[in-house]
Structures are given as C-alpha cells and as structure tokens.
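Asks: Provided below: model-v8.txt, containing compact mmCIF, N, CA and C atoms.
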```
# COMPACT_ATOMS: atom_id res chain seq x y z
N MET A 2 84.77 58.83 91.52
CA MET A 2 84.77 59.14 90.12
C MET A 2 83.46 59.85 89.85
N PRO A 3 83.33 60.86 89.16
CA PRO A 3 84.27 61.57 88.30
C PRO A 3 85.07 62.63 89.06
N HIS A 4 86.03 63.21 88.36
CA HIS A 4 86.83 64.30 88.91
C HIS A 4 86.55 65.56 88.11
N LEU A 5 86.32 66.66 88.80
CA LEU A 5 86.18 67.97 88.18
C LEU A 5 87.30 68.84 88.73
N VAL A 6 88.23 69.21 87.86
CA VAL A 6 89.37 70.04 88.27
C VAL A 6 89.20 71.40 87.61
N ILE A 7 89.09 72.43 88.44
CA ILE A 7 88.91 73.79 87.94
C ILE A 7 90.23 74.54 88.13
N GLU A 8 90.79 75.00 87.05
CA GLU A 8 92.02 75.79 87.08
C GLU A 8 91.62 77.24 86.82
N TYR A 9 92.29 78.17 87.49
CA TYR A 9 91.92 79.58 87.31
C TYR A 9 93.09 80.49 87.63
N ALA A 10 93.03 81.70 87.12
CA ALA A 10 94.02 82.72 87.43
C ALA A 10 93.80 83.18 88.87
N ARG A 11 94.84 83.10 89.68
CA ARG A 11 94.71 83.44 91.10
C ARG A 11 94.12 84.83 91.32
N LYS A 12 94.39 85.77 90.43
CA LYS A 12 93.88 87.13 90.62
C LYS A 12 92.35 87.19 90.62
N LEU A 13 91.69 86.13 90.14
CA LEU A 13 90.22 86.09 90.21
C LEU A 13 89.71 86.02 91.64
N GLU A 14 90.56 85.55 92.57
CA GLU A 14 90.14 85.44 93.97
C GLU A 14 89.77 86.80 94.56
N GLU A 15 90.22 87.88 93.94
CA GLU A 15 89.90 89.23 94.41
C GLU A 15 88.44 89.60 94.16
N LYS A 16 87.82 88.96 93.15
CA LYS A 16 86.45 89.33 92.81
C LYS A 16 85.47 88.17 92.71
N VAL A 17 85.95 86.95 92.84
CA VAL A 17 85.10 85.77 92.73
C VAL A 17 85.27 84.90 93.97
N SER A 18 84.17 84.42 94.50
CA SER A 18 84.25 83.45 95.59
C SER A 18 84.55 82.08 94.98
N ILE A 19 85.77 81.64 95.15
CA ILE A 19 86.16 80.34 94.58
C ILE A 19 85.39 79.22 95.27
N ALA A 20 85.12 79.37 96.56
CA ALA A 20 84.34 78.35 97.28
C ALA A 20 82.95 78.22 96.67
N ALA A 21 82.33 79.35 96.33
CA ALA A 21 81.00 79.32 95.71
C ALA A 21 81.07 78.73 94.30
N LEU A 22 82.13 79.07 93.56
CA LEU A 22 82.31 78.52 92.22
C LEU A 22 82.43 77.00 92.28
N VAL A 23 83.26 76.49 93.20
CA VAL A 23 83.45 75.04 93.35
C VAL A 23 82.14 74.37 93.73
N SER A 24 81.43 74.95 94.69
CA SER A 24 80.15 74.38 95.14
C SER A 24 79.13 74.35 94.00
N SER A 25 79.06 75.43 93.25
CA SER A 25 78.12 75.51 92.14
C SER A 25 78.46 74.51 91.04
N ALA A 26 79.74 74.38 90.74
CA ALA A 26 80.17 73.42 89.71
C ALA A 26 79.89 71.99 90.16
N GLN A 27 80.11 71.71 91.43
CA GLN A 27 79.81 70.38 91.99
C GLN A 27 78.31 70.09 91.82
N GLU A 28 77.49 71.09 92.10
CA GLU A 28 76.04 70.93 91.97
C GLU A 28 75.64 70.70 90.51
N ALA A 29 76.29 71.40 89.58
CA ALA A 29 76.00 71.20 88.16
C ALA A 29 76.32 69.77 87.75
N MET A 30 77.42 69.24 88.25
CA MET A 30 77.77 67.85 87.97
C MET A 30 76.71 66.91 88.54
N SER A 31 76.28 67.19 89.74
CA SER A 31 75.28 66.36 90.41
C SER A 31 73.94 66.39 89.67
N ARG A 32 73.53 67.58 89.24
CA ARG A 32 72.25 67.73 88.53
C ARG A 32 72.23 67.01 87.19
N SER A 33 73.40 66.67 86.66
CA SER A 33 73.44 65.99 85.36
C SER A 33 72.74 64.63 85.43
N GLY A 34 72.68 64.05 86.62
CA GLY A 34 72.06 62.74 86.78
C GLY A 34 72.94 61.59 86.32
N LEU A 35 74.17 61.89 85.93
CA LEU A 35 75.07 60.85 85.44
C LEU A 35 75.84 60.14 86.55
N PHE A 36 75.86 60.75 87.75
CA PHE A 36 76.69 60.25 88.83
C PHE A 36 75.94 60.31 90.16
N ALA A 37 76.27 59.41 91.05
CA ALA A 37 75.80 59.53 92.42
C ALA A 37 76.55 60.72 93.03
N PRO A 38 75.83 61.65 93.66
CA PRO A 38 76.49 62.87 94.17
C PRO A 38 77.72 62.61 95.04
N HIS A 39 77.69 61.55 95.83
CA HIS A 39 78.82 61.30 96.73
C HIS A 39 80.09 60.83 96.00
N THR A 40 79.98 60.54 94.71
CA THR A 40 81.15 60.08 93.96
C THR A 40 81.90 61.21 93.24
N ILE A 41 81.32 62.40 93.19
CA ILE A 41 81.91 63.51 92.46
C ILE A 41 82.99 64.18 93.31
N LYS A 42 84.16 64.34 92.74
CA LYS A 42 85.28 64.99 93.42
C LYS A 42 85.63 66.27 92.68
N THR A 43 85.45 67.41 93.33
CA THR A 43 85.69 68.70 92.70
C THR A 43 86.78 69.45 93.46
N ARG A 44 87.69 70.06 92.72
CA ARG A 44 88.75 70.83 93.35
C ARG A 44 89.14 71.98 92.42
N ALA A 45 89.74 73.00 93.01
CA ALA A 45 90.16 74.17 92.25
C ALA A 45 91.64 74.43 92.48
N LEU A 46 92.33 74.76 91.41
CA LEU A 46 93.76 75.01 91.46
C LEU A 46 94.06 76.40 90.90
N PRO A 47 94.62 77.29 91.73
CA PRO A 47 94.97 78.63 91.23
C PRO A 47 96.33 78.62 90.54
N TYR A 48 96.48 79.49 89.56
CA TYR A 48 97.75 79.67 88.87
C TYR A 48 98.19 81.11 89.04
N GLU A 49 99.38 81.26 89.57
CA GLU A 49 99.99 82.57 89.77
C GLU A 49 100.65 83.05 88.48
N GLN A 50 101.39 82.17 87.85
CA GLN A 50 102.14 82.49 86.64
C GLN A 50 101.51 81.79 85.45
N PHE A 51 101.14 82.56 84.45
CA PHE A 51 100.54 81.99 83.24
C PHE A 51 100.54 83.05 82.15
N ILE A 52 100.36 82.61 80.95
CA ILE A 52 100.14 83.51 79.82
C ILE A 52 98.86 83.03 79.15
N ALA A 53 97.89 83.90 79.08
CA ALA A 53 96.62 83.56 78.45
C ALA A 53 96.38 84.55 77.32
N GLY A 54 96.83 84.20 76.15
CA GLY A 54 96.71 85.11 75.01
C GLY A 54 97.77 86.19 75.04
N GLU A 55 97.67 87.12 74.13
CA GLU A 55 98.67 88.17 74.00
C GLU A 55 98.69 89.14 75.17
N LYS A 56 97.53 89.37 75.79
CA LYS A 56 97.45 90.36 76.86
C LYS A 56 97.56 89.75 78.25
N GLY A 57 97.68 88.42 78.33
CA GLY A 57 97.86 87.77 79.63
C GLY A 57 96.65 87.86 80.53
N GLY A 58 95.46 87.88 79.95
CA GLY A 58 94.24 88.00 80.73
C GLY A 58 93.99 86.82 81.64
N SER A 59 92.93 86.90 82.39
CA SER A 59 92.60 85.82 83.31
C SER A 59 91.85 84.69 82.58
N PHE A 60 91.65 83.59 83.29
CA PHE A 60 91.00 82.43 82.69
C PHE A 60 90.35 81.56 83.77
N ILE A 61 89.40 80.76 83.33
CA ILE A 61 88.86 79.65 84.11
C ILE A 61 88.78 78.47 83.16
N HIS A 62 89.36 77.36 83.55
CA HIS A 62 89.31 76.14 82.74
C HIS A 62 88.92 74.97 83.62
N ALA A 63 87.97 74.19 83.17
CA ALA A 63 87.55 72.99 83.91
C ALA A 63 87.84 71.76 83.08
N GLU A 64 88.40 70.77 83.75
CA GLU A 64 88.62 69.47 83.13
C GLU A 64 87.78 68.45 83.88
N ILE A 65 86.92 67.77 83.16
CA ILE A 65 86.07 66.74 83.74
C ILE A 65 86.65 65.40 83.31
N ARG A 66 87.06 64.61 84.28
CA ARG A 66 87.65 63.30 84.00
C ARG A 66 86.64 62.21 84.34
N LEU A 67 86.32 61.41 83.35
CA LEU A 67 85.32 60.34 83.49
C LEU A 67 85.89 59.01 83.04
N LEU A 68 85.41 57.96 83.64
CA LEU A 68 85.68 56.65 83.05
C LEU A 68 84.83 56.52 81.80
N GLU A 69 85.31 55.75 80.85
CA GLU A 69 84.58 55.61 79.60
C GLU A 69 83.20 55.00 79.83
N GLY A 70 82.32 55.21 78.86
CA GLY A 70 81.00 54.61 78.94
C GLY A 70 79.85 55.60 78.81
N ARG A 71 80.15 56.90 78.83
CA ARG A 71 79.09 57.90 78.65
C ARG A 71 78.97 58.20 77.16
N SER A 72 77.77 58.43 76.71
CA SER A 72 77.56 58.74 75.29
C SER A 72 78.09 60.14 74.97
N GLU A 73 78.27 60.39 73.70
CA GLU A 73 78.71 61.72 73.27
C GLU A 73 77.70 62.78 73.70
N ARG A 74 76.44 62.47 73.58
CA ARG A 74 75.39 63.41 73.99
C ARG A 74 75.47 63.71 75.49
N GLU A 75 75.71 62.69 76.30
CA GLU A 75 75.85 62.90 77.76
C GLU A 75 77.07 63.75 78.08
N ARG A 76 78.18 63.49 77.40
CA ARG A 76 79.40 64.27 77.64
C ARG A 76 79.21 65.73 77.20
N GLU A 77 78.54 65.93 76.08
CA GLU A 77 78.27 67.29 75.61
C GLU A 77 77.37 68.04 76.59
N ALA A 78 76.33 67.38 77.08
CA ALA A 78 75.41 68.02 78.04
C ALA A 78 76.13 68.35 79.34
N LEU A 79 76.99 67.47 79.79
CA LEU A 79 77.75 67.71 81.01
C LEU A 79 78.70 68.89 80.82
N SER A 80 79.41 68.91 79.71
CA SER A 80 80.30 70.02 79.40
C SER A 80 79.55 71.34 79.38
N SER A 81 78.41 71.35 78.73
CA SER A 81 77.59 72.55 78.64
C SER A 81 77.10 73.02 80.01
N ALA A 82 76.67 72.08 80.85
CA ALA A 82 76.16 72.43 82.18
C ALA A 82 77.26 73.05 83.04
N VAL A 83 78.45 72.47 83.00
CA VAL A 83 79.56 73.01 83.79
C VAL A 83 80.01 74.35 83.20
N PHE A 84 80.06 74.45 81.88
CA PHE A 84 80.43 75.70 81.23
C PHE A 84 79.48 76.83 81.64
N ASN A 85 78.19 76.58 81.57
CA ASN A 85 77.20 77.59 81.94
C ASN A 85 77.35 78.00 83.39
N CYS A 86 77.65 77.06 84.24
CA CYS A 86 77.89 77.34 85.66
C CYS A 86 79.09 78.27 85.82
N LEU A 87 80.20 77.92 85.19
CA LEU A 87 81.42 78.72 85.32
C LEU A 87 81.21 80.14 84.79
N CYS A 88 80.46 80.27 83.71
CA CYS A 88 80.22 81.59 83.12
C CYS A 88 79.48 82.52 84.08
N GLN A 89 78.71 81.97 85.00
CA GLN A 89 78.02 82.80 85.99
C GLN A 89 79.01 83.49 86.92
N PHE A 90 80.20 82.98 87.03
CA PHE A 90 81.24 83.53 87.91
C PHE A 90 82.31 84.28 87.12
N ALA A 91 82.14 84.40 85.82
CA ALA A 91 83.24 84.83 84.95
C ALA A 91 83.05 86.22 84.35
N ASP A 92 82.37 87.10 85.04
CA ASP A 92 82.20 88.45 84.54
C ASP A 92 83.57 89.09 84.32
N GLY A 93 83.86 89.47 83.11
CA GLY A 93 85.14 90.07 82.79
C GLY A 93 86.27 89.08 82.54
N VAL A 94 85.99 87.80 82.60
CA VAL A 94 87.02 86.78 82.33
C VAL A 94 86.97 86.45 80.84
N PRO A 95 88.05 86.72 80.11
CA PRO A 95 88.01 86.53 78.66
C PRO A 95 88.02 85.08 78.20
N ALA A 96 88.54 84.17 79.01
CA ALA A 96 88.67 82.78 78.57
C ALA A 96 88.04 81.84 79.59
N VAL A 97 86.94 81.20 79.19
CA VAL A 97 86.29 80.18 80.02
C VAL A 97 86.18 78.94 79.13
N THR A 98 86.74 77.83 79.59
CA THR A 98 86.75 76.61 78.79
C THR A 98 86.45 75.39 79.66
N VAL A 99 85.89 74.37 79.02
CA VAL A 99 85.60 73.09 79.69
C VAL A 99 86.01 71.98 78.73
N GLU A 100 86.65 70.98 79.29
CA GLU A 100 87.06 69.81 78.52
C GLU A 100 86.62 68.55 79.25
N VAL A 101 86.04 67.62 78.53
CA VAL A 101 85.67 66.32 79.10
C VAL A 101 86.68 65.29 78.58
N ARG A 102 87.30 64.58 79.50
CA ARG A 102 88.28 63.55 79.14
C ARG A 102 87.81 62.20 79.64
N GLU A 103 87.87 61.24 78.76
CA GLU A 103 87.57 59.86 79.16
C GLU A 103 88.86 59.18 79.60
N MET A 104 88.79 58.53 80.74
CA MET A 104 89.94 57.81 81.28
C MET A 104 89.80 56.32 80.95
N ASP A 105 90.92 55.71 80.70
CA ASP A 105 90.96 54.27 80.44
C ASP A 105 90.88 53.54 81.78
N SER A 106 89.81 52.80 82.01
CA SER A 106 89.62 52.14 83.30
C SER A 106 90.72 51.13 83.62
N SER A 107 91.36 50.58 82.59
CA SER A 107 92.44 49.62 82.86
C SER A 107 93.69 50.30 83.40
N CYS A 108 93.77 51.62 83.27
CA CYS A 108 94.94 52.37 83.74
C CYS A 108 94.61 53.25 84.95
N TYR A 109 93.43 53.09 85.50
CA TYR A 109 93.01 53.92 86.63
C TYR A 109 93.00 53.07 87.90
N SER A 110 93.67 53.55 88.93
CA SER A 110 93.71 52.84 90.20
C SER A 110 93.01 53.68 91.24
N LYS A 111 92.39 53.01 92.20
CA LYS A 111 91.61 53.73 93.21
C LYS A 111 91.58 52.91 94.48
N ARG A 112 91.78 53.58 95.60
CA ARG A 112 91.66 52.93 96.89
C ARG A 112 90.29 53.27 97.47
N LEU A 113 89.54 52.25 97.83
CA LEU A 113 88.20 52.43 98.39
C LEU A 113 88.26 52.38 99.90
N PRO A 114 87.34 53.08 100.55
CA PRO A 114 87.31 53.02 102.03
C PRO A 114 87.00 51.59 102.49
N PHE A 115 87.42 51.29 103.70
CA PHE A 115 87.23 49.94 104.24
C PHE A 115 85.80 49.69 104.61
```
Please, can you express the file's structure as structure tokens?

Replies:
Amino acid sequence: MPHLVIEYARKLEEKVSIAALVSSAQEAMSRSGLFAPHTIKTRALPYEQFIAGEKGGSFIHAEIRLLEGRSEREREALSSAVFNCLCQFADGVPAVTVEVREMDSSCYSKRLPF
C-alpha cells in the first residue's frame, strides 16, 4: 500500500517513455515521506479506445489509492507532487489529472509474503 495507477492514451508511447514516467511517479510518491518506499506499487495501463473531449485528444490520469488516515493537507501535497511529475512528461497532452482515493481498510484484503 499505496497503489499508484497511471492510465494513458496508448499513442503517447510514440513520444513518451512510459518506463521513465512510471519510475518518476514512483519516486514522487517516495519523496512525499508518507510511505516506506518498498510499499509503493506503481503501474501504468494504456488505453487504445477512448474519447477525451470533443476532439479525442490524449490524456494521462493517475489514481492514488490509500488507506484512510492521511490528512487533507497530506493528500493535497501528494496529489500535487504526482501531478507535477506527470506534467513533465505531458508536452502536448491536453488532459493531465490526478485523483487521490481513500480506501476503507475493512474492505481491503492483502496477502503478505511469508
């Protein structure tokens, strides 16, 4: 925990290193100081088919999933840090968004290593 899921228009792969974007976003999460680095799980999901506005432009969207317990100020700072990171990779991308979601710990299951 936490999970950072980055969704993006697949056509961005032609001009953006998705591996570098994922690594940079992971580092932004780590620099927040809110989590032990080894607990952060980051992944990227490309979308082939989508509609983003009237012109169907490209997008990058990040969803940060956290267990409850972080203050509003901490969540805002985390959102801002990840947003700023993504914007470094988003030259010409009309839509860059970040959302922080709190998960209910009573509804979250996790298998730990032995």

Asks: Please compute the atom CA of Ser31 of chain A-atom CA of Val97 of chain A distance, one decimal, in Å.

Replies: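 The value is 20.5 Å.
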
Asks: My list of candidates is A:Met2, A:Leu22, A:Ala82, A:Val17. Which is closest to Ile41 of chain A when distances are computed with all atoms listed in the file?

Replies: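 Closest to Ile41 of chain A, using all atoms listed in the file: A:Met2.
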
Asks: So how far away is atom N of Gln27 of chain A from atom C of Phe84 of chain A, in Å?

Replies: 11.1 Å

Asks: Just want the 10 Å neighbourhood of Ala45 of chain A, counted on only C-alpha atoms, with same-chain residues fewer than 5 positions away dropped. Output as a list in words.

Replies: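 Close residues of Ala45 of chain A: Leu5, Val6, Ile7, Glu8, Tyr9, Ile19, Ala20, Leu22, Val23, Ile61, His62 and Ala63 of chain A.
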
Asks: Report the residues of segment 29-104 of chain A whose backbone DSSP state falls under helix (DSSP H, G or I), written as a PyMOL selection string.

Replies: chain A and resi 29-32+38-40+73-88

Asks: What is the atom C of Glu103 of chain A to atom C of Leu68 of chain A distance in Å?

Replies: 5.3 Å
